[in-house]
Structure formats: structure tokens, C-alpha cells
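Asker: Sharing work.csv here; it has CSV, C-alpha atoms.
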chain,number,residue,atom,x,y,z
I,1,MET,CA,15.1,3.4,15.2
I,2,ALA,CA,16.6,1.2,12.6
I,3,ASP,CA,19.0,2.7,10.2
I,4,SER,CA,18.7,0.0,7.5
I,5,VAL,CA,17.9,1.1,4.0
I,6,THR,CA,14.4,0.6,2.7
I,7,ARG,CA,14.3,-1.1,-0.6
I,8,ILE,CA,11.3,0.0,-2.7
I,9,MET,CA,10.5,-2.0,-5.9
I,10,VAL,CA,8.6,0.0,-8.5
I,11,ALA,CA,7.0,-1.8,-11.4
I,12,VAL,CA,7.1,0.4,-14.5
I,13,ASN,CA,5.7,0.1,-18.0
I,14,GLU,CA,5.6,2.1,-21.2
I,15,SER,CA,2.8,4.5,-22.3
I,16,SER,CA,0.1,2.6,-24.1
I,17,MET,CA,-0.6,5.8,-26.1
I,18,LYS,CA,2.9,7.1,-26.9
I,19,GLY,CA,4.8,3.8,-26.7
I,20,TYR,CA,8.5,3.4,-25.9
I,21,PRO,CA,10.5,5.1,-24.5
I,22,HIS,CA,7.7,7.1,-22.8
I,23,PRO,CA,6.7,5.8,-19.3
I,24,SER,CA,3.0,5.3,-18.7
I,25,ILE,CA,1.2,8.1,-16.8
I,26,SER,CA,0.6,5.7,-13.9
I,27,SER,CA,4.3,4.5,-13.7
I,28,LYS,CA,5.5,8.1,-13.7
I,29,GLY,CA,2.9,9.1,-11.1
I,30,ALA,CA,3.8,6.1,-8.9
I,31,PHE,CA,7.4,7.0,-9.0
I,32,GLU,CA,6.9,10.7,-8.4
I,33,TRP,CA,4.5,10.0,-5.5
I,34,THR,CA,7.1,7.7,-3.9
I,35,VAL,CA,9.8,10.4,-4.1
I,36,GLU,CA,7.5,13.2,-2.8
I,37,LYS,CA,5.6,11.3,-0.1
I,38,ILE,CA,8.0,8.7,1.2
I,39,ILE,CA,11.6,9.5,0.4
I,40,HIS,CA,11.4,13.3,0.8
I,41,ASN,CA,15.1,14.5,1.2
I,42,ASN,CA,16.1,11.4,3.1
I,43,VAL,CA,17.7,9.9,0.0
I,44,SER,CA,20.3,7.8,1.7
I,45,ALA,CA,17.6,5.8,3.5
I,46,PHE,CA,16.1,4.3,0.3
I,47,ASN,CA,17.0,2.2,-2.7
I,48,LEU,CA,14.8,2.0,-5.7
I,49,LEU,CA,14.5,-1.1,-7.8
I,50,PHE,CA,12.8,-0.6,-11.2
I,51,LEU,CA,11.3,-3.6,-12.8
I,52,HIS,CA,10.0,-3.5,-16.3
I,53,VAL,CA,8.2,-6.6,-17.6
I,54,GLN,CA,7.9,-7.0,-21.3
I,55,VAL,CA,5.0,-9.2,-22.6
I,56,PRO,CA,6.3,-11.4,-25.4
I,57,ASP,CA,4.7,-10.2,-28.6
I,58,GLU,CA,3.6,-13.7,-29.7
I,59,ASP,CA,1.4,-12.4,-32.5
I,60,GLY,CA,4.2,-10.2,-33.9
I,61,PHE,CA,1.6,-7.5,-34.1
I,62,ASP,CA,4.0,-4.7,-33.5
I,63,ASP,CA,6.2,-5.9,-36.3
I,64,MET,CA,3.7,-6.6,-39.0
I,65,ASP,CA,5.5,-4.5,-41.6
I,66,SER,CA,8.8,-6.1,-41.1
I,67,ILE,CA,10.2,-8.8,-43.4
I,68,TYR,CA,11.8,-11.9,-41.8
I,69,ALA,CA,14.2,-13.9,-44.1
I,70,SER,CA,16.5,-15.5,-41.6
I,71,PRO,CA,16.7,-16.6,-38.0
I,72,GLU,CA,18.9,-13.6,-37.5
I,73,ASP,CA,16.0,-11.3,-38.2
I,74,PHE,CA,14.1,-12.8,-35.3
I,75,LYS,CA,17.1,-12.3,-33.0
I,76,ASN,CA,17.1,-8.7,-34.1
I,77,LEU,CA,13.4,-8.4,-33.2
I,78,HIS,CA,14.0,-9.5,-29.6
I,79,GLN,CA,17.1,-7.2,-29.5
I,80,ARG,CA,15.1,-4.2,-30.7
I,81,GLU,CA,12.4,-4.8,-28.1
I,82,ARG,CA,14.9,-5.0,-25.4
I,83,VAL,CA,16.6,-1.8,-26.4
I,84,ARG,CA,13.2,0.0,-26.3
I,85,GLY,CA,12.7,-1.3,-22.7
I,86,ILE,CA,16.2,-0.1,-21.7
I,87,HIS,CA,15.3,3.4,-22.9
I,88,LEU,CA,12.2,3.3,-20.7
I,89,LEU,CA,14.3,2.4,-17.7
I,90,GLU,CA,16.7,5.2,-18.6
I,91,TYR,CA,14.0,7.7,-17.8
I,92,PHE,CA,13.7,6.4,-14.2
I,93,VAL,CA,17.4,5.9,-13.6
I,94,ASN,CA,18.1,9.5,-14.8
I,95,ARG,CA,15.5,10.9,-12.4
I,96,CYS,CA,17.0,8.9,-9.5
I,97,HIS,CA,20.4,10.3,-10.5
I,98,GLU,CA,19.0,13.8,-10.4
I,99,ILE,CA,17.5,13.2,-7.0
I,100,GLY,CA,20.4,11.3,-5.6
I,101,VAL,CA,18.8,8.0,-4.8
I,102,VAL,CA,20.6,4.8,-5.4
I,103,CYS,CA,18.7,2.6,-7.8
I,104,GLN,CA,18.9,-0.4,-10.1
I,105,ALA,CA,16.7,-1.3,-13.0
I,106,TRP,CA,16.1,-4.5,-15.1
I,107,ILE,CA,13.9,-6.0,-17.7
I,108,MET,CA,12.1,-9.4,-17.5
I,109,GLN,CA,9.8,-11.2,-20.0
I,110,GLY,CA,6.5,-12.7,-19.2
I,111,ASP,CA,3.1,-12.0,-17.6
I,112,PRO,CA,3.7,-8.8,-15.7
I,113,LYS,CA,1.7,-9.7,-12.6
I,114,GLU,CA,3.3,-13.1,-12.2
I,115,VAL,CA,6.8,-11.8,-12.9
I,116,ILE,CA,6.4,-9.0,-10.4
I,117,CYS,CA,5.3,-11.3,-7.7
I,118,HIS,CA,8.1,-13.7,-8.5
I,119,GLU,CA,10.7,-10.9,-8.4
I,120,VAL,CA,9.4,-9.8,-5.0
I,121,GLN,CA,9.9,-13.3,-3.8
I,122,ARG,CA,13.4,-13.4,-5.2
I,123,LEU,CA,14.6,-9.9,-4.1
I,124,ARG,CA,12.5,-9.4,-1.0
I,125,PRO,CA,12.0,-5.6,-1.2
I,126,ASP,CA,10.4,-3.9,1.7
I,127,ILE,CA,7.7,-2.3,-0.4
I,128,LEU,CA,6.2,-2.8,-3.8
I,129,VAL,CA,4.8,0.3,-5.6
I,130,VAL,CA,2.5,-0.3,-8.5
I,131,GLY,CA,0.7,2.4,-10.5
I,132,SER,CA,-2.9,1.8,-11.4
I,133,ARG,CA,-5.2,3.2,-14.0
I,134,GLY,CA,-8.0,3.2,-11.4
I,135,LEU,CA,-10.4,1.4,-13.8
I,136,GLY,CA,-14.0,0.7,-12.7
I,137,PRO,CA,-15.1,-3.0,-12.3
I,138,PHE,CA,-16.5,-3.1,-15.9
I,139,GLN,CA,-13.2,-2.1,-17.5
I,140,LYS,CA,-11.2,-4.4,-15.2
I,141,VAL,CA,-12.9,-7.5,-16.7
I,142,PHE,CA,-11.3,-6.8,-20.0
I,143,VAL,CA,-8.0,-5.4,-19.2
I,144,GLY,CA,-7.2,-7.2,-15.9
I,145,THR,CA,-5.3,-5.4,-13.2
I,146,VAL,CA,-1.8,-6.1,-12.2
I,147,SER,CA,-2.2,-4.0,-9.0
I,148,GLU,CA,-5.0,-6.2,-7.6
I,149,PHE,CA,-3.1,-9.4,-8.3
I,150,CYS,CA,0.0,-8.0,-6.7
I,151,TRP,CA,-1.9,-6.7,-3.7
I,152,LYS,CA,-3.2,-10.2,-3.1
I,153,HIS,CA,-0.2,-12.3,-3.9
I,154,ALA,CA,3.1,-10.3,-3.5
I,155,GLU,CA,4.9,-11.3,-0.3
I,156,CYS,CA,5.6,-7.7,0.8
I,157,PRO,CA,3.4,-4.6,1.5
I,158,VAL,CA,2.1,-3.1,-1.7
I,159,ILE,CA,1.1,0.5,-2.4
I,160,THR,CA,-1.1,1.1,-5.3
I,161,ILE,CA,-1.0,4.6,-6.7
I,162,LYS,CA,-3.9,5.6,-8.8
I,163,ARG,CA,-3.6,8.3,-11.5
I,164,LYS,CA,-4.6,11.8,-10.5
I,165,PRO,CA,-8.0,12.7,-12.0
I,166,ASP,CA,-6.5,15.5,-14.0
I,167,GLU,CA,-4.0,13.1,-15.6
I,168,THR,CA,-6.6,10.6,-16.7
I,169,PRO,CA,-7.0,10.5,-20.5
I,170,GLN,CA,-10.5,10.6,-22.0
I,171,ASP,CA,-10.6,6.8,-22.3
I,172,PRO,CA,-9.3,5.5,-18.9
I,173,VAL,CA,-7.9,2.4,-20.6
I,174,ASP,CA,-5.3,4.6,-22.2
I,175,ASP,CA,-2.2,5.2,-20.0
C,1,MET,CA,11.8,17.8,-4.1
C,2,ALA,CA,8.7,18.8,-2.1
C,3,ASP,CA,9.2,19.6,1.6
C,4,SER,CA,5.6,19.2,2.6
C,5,VAL,CA,4.8,16.9,5.5
C,6,THR,CA,3.4,13.4,4.6
C,7,ARG,CA,0.3,12.7,6.7
C,8,ILE,CA,0.0,9.0,7.4
C,9,MET,CA,-3.3,7.7,8.9
C,10,VAL,CA,-2.9,4.5,10.9
C,11,ALA,CA,-6.0,2.5,11.8
C,12,VAL,CA,-5.5,0.8,15.1
C,13,ASN,CA,-7.6,-1.6,17.3
C,14,GLU,CA,-7.3,-3.4,20.5
C,15,SER,CA,-6.1,-7.0,21.0
C,16,SER,CA,-8.8,-9.5,20.5
C,17,MET,CA,-7.0,-11.8,22.9
C,18,LYS,CA,-5.9,-9.4,25.7
C,19,GLY,CA,-8.5,-6.7,25.2
C,20,TYR,CA,-8.0,-3.0,26.1
C,21,PRO,CA,-5.6,-1.3,26.5
C,22,HIS,CA,-3.4,-3.6,24.5
C,23,PRO,CA,-3.1,-2.9,20.8
C,24,SER,CA,-3.6,-5.8,18.4
C,25,ILE,CA,-0.6,-7.6,17.1
C,26,SER,CA,-1.3,-6.3,13.6
C,27,SER,CA,-1.9,-2.6,14.7
C,28,LYS,CA,1.4,-2.6,16.6
C,29,GLY,CA,3.1,-4.3,13.6
C,30,ALA,CA,1.7,-1.8,11.1
C,31,PHE,CA,2.8,1.1,13.3
C,32,GLU,CA,6.4,-0.2,13.9
C,33,TRP,CA,6.7,-1.1,10.2
C,34,THR,CA,5.8,2.5,9.2
C,35,VAL,CA,8.4,3.9,11.6
C,36,GLU,CA,11.1,1.5,10.5
C,37,LYS,CA,10.6,1.4,6.8
C,38,ILE,CA,9.1,4.8,5.9
C,39,ILE,CA,9.9,7.4,8.5
C,40,HIS,CA,13.4,6.3,9.5
C,41,ASN,CA,15.0,9.3,11.3
C,42,ASN,CA,13.3,11.8,9.1
C,43,VAL,CA,10.7,12.5,11.8
C,44,SER,CA,9.9,16.1,10.8
C,45,ALA,CA,8.7,15.0,7.4
C,46,PHE,CA,5.8,13.0,8.7
C,47,ASN,CA,2.7,13.3,10.8
C,48,LEU,CA,0.8,10.3,12.1
C,49,LEU,CA,-2.9,10.2,12.6
C,50,PHE,CA,-4.2,7.3,14.7
C,51,LEU,CA,-7.8,6.4,14.2
C,52,HIS,CA,-9.5,3.9,16.5
C,53,VAL,CA,-13.0,2.8,15.6
C,54,GLN,CA,-15.1,1.3,18.3
C,55,VAL,CA,-17.9,-1.0,17.2
C,56,PRO,CA,-21.0,-0.2,19.3
C,57,ASP,CA,-21.7,-3.2,21.6
C,58,GLU,CA,-25.4,-3.5,20.7
C,59,ASP,CA,-25.7,-6.9,22.5
C,60,GLY,CA,-24.1,-5.5,25.7
C,61,PHE,CA,-22.1,-8.8,25.6
C,62,ASP,CA,-19.1,-7.2,27.3
C,63,ASP,CA,-21.1,-6.0,30.2
C,64,MET,CA,-23.3,-9.1,30.9
C,65,ASP,CA,-22.4,-9.0,34.5
C,66,SER,CA,-23.2,-5.4,35.1
C,67,ILE,CA,-26.5,-4.2,36.6
C,68,TYR,CA,-28.4,-1.4,35.0
C,69,ALA,CA,-30.8,0.5,37.2
C,70,SER,CA,-30.9,4.0,35.7
C,71,PRO,CA,-30.2,5.9,32.5
C,72,GLU,CA,-27.1,7.0,34.2
C,73,ASP,CA,-25.7,3.5,34.2
C,74,PHE,CA,-25.9,3.3,30.4
C,75,LYS,CA,-24.1,6.6,30.1
C,76,ASN,CA,-21.4,5.2,32.3
C,77,LEU,CA,-21.1,2.2,30.0
C,78,HIS,CA,-20.4,4.4,27.0
C,79,GLN,CA,-18.0,6.5,29.1
C,80,ARG,CA,-16.1,3.4,30.2
C,81,GLU,CA,-15.8,2.1,26.7
C,82,ARG,CA,-14.5,5.4,25.6
C,83,VAL,CA,-11.9,5.5,28.3
C,84,ARG,CA,-10.7,2.1,27.3
C,85,GLY,CA,-10.2,3.3,23.8
C,86,ILE,CA,-8.3,6.3,25.0
C,87,HIS,CA,-5.9,4.1,26.8
C,88,LEU,CA,-5.3,2.1,23.6
C,89,LEU,CA,-4.4,5.4,21.8
C,90,GLU,CA,-2.2,6.4,24.7
C,91,TYR,CA,0.2,3.5,23.7
C,92,PHE,CA,0.7,4.9,20.1
C,93,VAL,CA,0.9,8.5,21.2
C,94,ASN,CA,3.5,7.6,23.8
C,95,ARG,CA,5.5,5.7,21.1
C,96,CYS,CA,5.4,8.8,18.8
C,97,HIS,CA,6.5,11.0,21.6
C,98,GLU,CA,9.5,8.7,22.3
C,99,ILE,CA,10.4,8.8,18.5
C,100,GLY,CA,9.7,12.5,18.1
C,101,VAL,CA,7.0,12.3,15.4
C,102,VAL,CA,4.1,14.7,15.6
C,103,CYS,CA,0.8,12.8,15.9
C,104,GLN,CA,-2.9,13.0,16.8
C,105,ALA,CA,-5.3,10.3,17.8
C,106,TRP,CA,-9.1,10.1,18.0
C,107,ILE,CA,-11.9,7.6,18.5
C,108,MET,CA,-15.0,7.1,16.3
C,109,GLN,CA,-17.9,4.8,16.6
C,110,GLY,CA,-19.3,2.6,13.8
C,111,ASP,CA,-18.4,0.0,11.3
C,112,PRO,CA,-14.5,0.2,11.2
C,113,LYS,CA,-14.1,-0.2,7.4
C,114,GLU,CA,-16.8,2.5,6.6
C,115,VAL,CA,-15.6,4.9,9.3
C,116,ILE,CA,-12.0,4.6,8.1
C,117,CYS,CA,-12.9,5.4,4.5
C,118,HIS,CA,-15.1,8.3,5.6
C,119,GLU,CA,-12.3,9.7,7.7
C,120,VAL,CA,-9.9,9.4,4.8
C,121,GLN,CA,-12.3,11.4,2.7
C,122,ARG,CA,-12.7,14.0,5.5
C,123,LEU,CA,-9.0,14.4,6.4
C,124,ARG,CA,-7.3,13.6,3.1
C,125,PRO,CA,-4.1,11.8,4.5
C,126,ASP,CA,-1.4,11.0,2.0
C,127,ILE,CA,-1.3,7.3,3.0
C,128,LEU,CA,-3.5,5.0,5.0
C,129,VAL,CA,-1.8,2.1,6.8
C,130,VAL,CA,-3.9,-0.8,7.9
C,131,GLY,CA,-2.7,-3.9,9.7
C,132,SER,CA,-4.1,-7.2,8.5
C,133,ARG,CA,-4.2,-10.6,10.1
C,134,GLY,CA,-3.4,-12.2,6.7
C,135,LEU,CA,-6.3,-14.6,6.8
C,136,GLY,CA,-6.9,-17.1,4.1
C,137,PRO,CA,-10.0,-16.8,1.9
C,138,PHE,CA,-12.0,-19.3,4.0
C,139,GLN,CA,-11.5,-17.4,7.3
C,140,LYS,CA,-12.2,-14.1,5.5
C,141,VAL,CA,-15.8,-15.1,4.8
C,142,PHE,CA,-16.5,-15.2,8.4
C,143,VAL,CA,-14.5,-12.3,9.9
C,144,GLY,CA,-14.5,-9.9,6.9
C,145,THR,CA,-11.5,-7.8,6.2
C,146,VAL,CA,-11.2,-4.1,6.8
C,147,SER,CA,-8.0,-4.0,4.8
C,148,GLU,CA,-9.5,-5.3,1.6
C,149,PHE,CA,-12.5,-2.9,1.8
C,150,CYS,CA,-10.1,0.1,2.4
C,151,TRP,CA,-7.8,-0.9,-0.4
C,152,LYS,CA,-10.8,-0.8,-2.8
C,153,HIS,CA,-12.7,2.2,-1.4
C,154,ALA,CA,-10.3,4.6,0.4
C,155,GLU,CA,-9.5,7.7,-1.6
C,156,CYS,CA,-5.8,7.6,-0.9
C,157,PRO,CA,-3.0,5.0,-1.4
C,158,VAL,CA,-3.3,2.2,1.2
C,159,ILE,CA,-0.6,0.0,2.6
C,160,THR,CA,-1.6,-3.3,4.2
C,161,ILE,CA,0.8,-4.7,6.6
C,162,LYS,CA,0.4,-8.4,7.4
C,163,ARG,CA,1.5,-9.8,10.7
C,164,LYS,CA,5.0,-11.5,10.7
C,165,PRO,CA,4.7,-15.3,10.6
C,166,ASP,CA,6.4,-15.5,14.0
C,167,GLU,CA,3.9,-13.2,15.6
C,168,THR,CA,0.8,-15.1,14.3
C,169,PRO,CA,-1.0,-16.9,17.1
C,170,GLN,CA,-2.1,-20.5,16.7
C,171,ASP,CA,-5.5,-19.5,15.6
C,172,PRO,CA,-5.0,-16.7,13.0
C,173,VAL,CA,-8.3,-15.1,13.8
C,174,ASP,CA,-6.8,-14.1,17.2
C,175,ASP,CA,-4.9,-10.8,17.1
Since I need it in another form, could you write the structure as C-alpha cells?

Answerer:
Amino acid sequence: MADSVTRIMVAVNESSMKGYPHPSISSKGAFEWTVEKIIHNNVSAFNLLFLHVQVPDEDGFDDMDSIYASPEDFKNLHQRERVRGIHLLEYFVNRCHEIGVVCQAWIMQGDPKEVICHEVQRLRPDILVVGSRGLGPFQKVFVGTVSEFCWKHAECPVITIKRKPDETPQDPVDD
Amino acid sequence: MADSVTRIMVAVNESSMKGYPHPSISSKGAFEWTVEKIIHNNVSAFNLLFLHVQVPDEDGFDDMDSIYASPEDFKNLHQRERVRGIHLLEYFVNRCHEIGVVCQAWIMQGDPKEVICHEVQRLRPDILVVGSRGLGPFQKVFVGTVSEFCWKHAECPVITIKRKPDETPQDPVDD
């Protein structure tokens, strides 16, 4: 049997309800599922790669109350957003440290589904794990699904982990 | 970390080119991938469940040269088909025995995609692994894909393993 390490890429995002630095229910679920069902205690056989994709806030919606007086202010805006993303990744890196799994984590900007597939192509993980809100076909039309796109286009096997029924908020679009 | 055993259901079928008892390229690939990338040497943490679904041969196409003279002959036909299926499963059970993974294997009759999803509902595995020929959208229209149906409908995380490019026969519909 091969002794090579299995590299699992896990796409993670922030909670749509609680915001940074809280991970979304489905990211957290996908990570814990991977540890419990695949890694078990065989920690040296796996590496985890955490990718967080930030969607550029083109409308500046999240910063409506800020005042911009110089180019420096905009630089600070990007910087702040990046720092928030780093704190999200901190959650997963800390969990890996507790468990004893080697990991790395990084942030990219862009359309999550495209960036994830591009990073799979670049880094060639053995498995991509994506959490999913498990929305019905009607809700999918409006919110899109990263998991379905990745399942079709990522150049490696993809595992989609749906949220547990008891973790699903009243409005399933929340996460 | 949980110590419970992860139950992986692997859907397997016979080679469309070589017939029974040879496993299809994608079934064999999906199984070997699971062993190499997920199980590693941690054999006691996993159970494998091999499901082979036989499509009832309603046209009797495979037995065109046989002569049927009594109800007994038809019974023999079903019996022979079942025995062929058992020899396919033997391949996977033998491999598990070599590796040291606990497994079970069984045969069902019906539409593979529906039977697989039904068996997932009945047996509640942690993961379903399905091989895929990785056909393009044009070929999919004609041959259908079990993997896509299972990904959408099976009540557990699904991993689809596409064939390696170097194992793909000239006509990708062959397997």
C-alpha cells in the first residue's frame, strides 16, 4: 500500500450570519467530517490545505459608514478585509494544531468557485472537500452553488458535505 | 477524535469490454484510489461495502444463442447471471483480504442509480464511492451517468473517481 501523504484541500468561508472571524456552519462541518471520517488518528498520512476565497466588495457595501479621504484609506480597507480572513483561517489552523495534522492556509480574491478550481489545478490536491448548504433547486437559482460547479469542473475527486439537519438555520440560505 | 469505523460503500460493475468476471476500469480505479488515498495503512478504521447492481436483461440479448424449453431454463439463466456477479465481487473481496480491510459484498437487481441510492438510505454508509467514465456532456445524454444522479440524490457524501487519462480506452464509452 502506498505510504504517500494524502493532500486534502478544504474550501472555507465565513459565517453569513455572524461574519468574520466565525467559520460558516458548512465549512466547520466539512472540516470536522474530514477529521472524523477520513483522517481518524492517522494524522501523519494527511495534509490539509485551507483555501479561503474573498469576494471583492465592489459595492463597498460592508464599509458604507466609513469615510474615504485619501488613497491610503482604500489600502486600509483591503488590509482590514485581509486581516479578517486571516482570523477565519486561524480557527482551522488552530484545530489542526490540536489534532496534530500538518496544514497550510491561504487567502485568494475572486469568484470562489473559479478560484477554487484554479487552485486545484495549480496545487493538485488528492481530494477537494467543499461544504454545502444543501439548498433545494429553487434557492440554488438565486444563490448559486460552489459545490456543484466544483464537482463538475475541479480536476480532482470532490466530496461535498451537506450540513446536518439539526445545524440548518431556519432560513437555509443562512450559513 | 472519534474512533468509530468509517463505512465506505463502493458501487462496482463489470467491464463493458471484457464482461464478467472482470471489473470495469472505473470500478477498479475507484477501489484502488480509496485504498491508497483514504485508508492508507489504517485498515482497522474502515469497512468497505461493495454493491453490484445487475440490470435485468429484459431482451435476453446476452443469451440469444441459448435454447429455452422449460421454466427451469429461465431459472438457470437468472442463476448463471447471479454467479457471474458473484465472481465480480470475488475480485474486490479478495483484494480486501490481501490488504486486511473488513468488507462485505452483495448483488441487487434493478436500475443501478436508483438501487445505489436506496441502499445508501437503507445502510447509511459514511461515504459512497462511485467510479465514473468521465464522459463529456454529449456522450452523457446517451449513456446517462450513475455518478451524477448519486451525487444529487444519495443521502451521504459522494466521491466520484474519474478514470485516469492513461487508462481511458479509445472510445470513452468503453469501460

Asker: May I ask you to extract the residues of chain C within 9 Å of chain I, using all atoms listed in the file, and to give them as a PyMOL selection string?

Answerer: chain C and resi 1-7+35-42+45-46+99+126-127+151+156-162

Asker: Of the candidates C:Ser132, C:Asn76, C:Thr34, C:Asn13, which shows the shortest atom-to-atom distance to Arg163 in chain C, using only C-alpha atoms?

Answerer: C:Ser132

Asker: Suppose you want the space between CA of Val53 in chain C and CA of Glu167 in chain C; what is it in Å?

Answerer: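 Going from CA of Val53 in chain C over to CA of Glu167 in chain C covers 23.3 Å.
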
Asker: What box, with edges along x, y and z, holds each listed atom of range 104-121 of chain C when 4 Å is added on every side, and can you state its centre and edge lengths in Å to one decimal, as JSON?

Answerer:
{"center_x": -11.1, "center_y": 6.4, "center_z": 10.6, "size_x": 24.4, "size_y": 21.2, "size_z": 23.8}

Asker: Could you state the separation of CA of Gly85 in chain I and CA of Ser26 in chain I in Å, given to one decimal place?

Answerer: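 Spanning CA of Gly85 in chain I to CA of Ser26 in chain I is a straight-line distance of 16.5 Å.
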
Asker: Could you work out how far CA of His153 in chain I lies from CA of Tyr91 in chain I, giving the answer in Å with one decimal?

Answerer: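 Atom-to-atom, CA of Tyr91 in chain I and CA of His153 in chain I are spaced 28.2 Å apart.
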
Asker: Can you tell me, as a list in words, what residues are no more than 8 Å from range 101-108 of chain I when counting only C-alpha atoms, ignoring any on the same chain fewer than 3 positions away?

Answerer: Val43, Ser44, Phe46, Asn47, Leu48, Leu49, Phe50, Leu51, His52, Val53, Gln54, Arg82, Gly85, Ile86, Leu89, Val93, Cys96, His97 and Val115 of chain I

Asker: Leaving out Val146 in chain C and any residue of its chain fewer than 3 positions from it, which residues lie within 10 Å of it when counting all atoms listed in the file, given as a ChimeraX atom specification?

Answerer: /C:11,111-114,116-117,130-132,143,149-151,160

Asker: Show me the residues around (-5.9, 3.1, -23.5) - criterion: an atom at most 10 Å away, all atoms listed in the file counted - as a PyMOL selection string.

Answerer: chain I and resi 15-17+133+143+169-175

Asker: Which residues are near Tyr20 in chain C? Cut-off 7 Å, all atoms listed in the file, ignore same chain within fewer than 5 positions. Put them as an MDAnalysis selection string.

Answerer: chainID C and resid 14:15 84 88
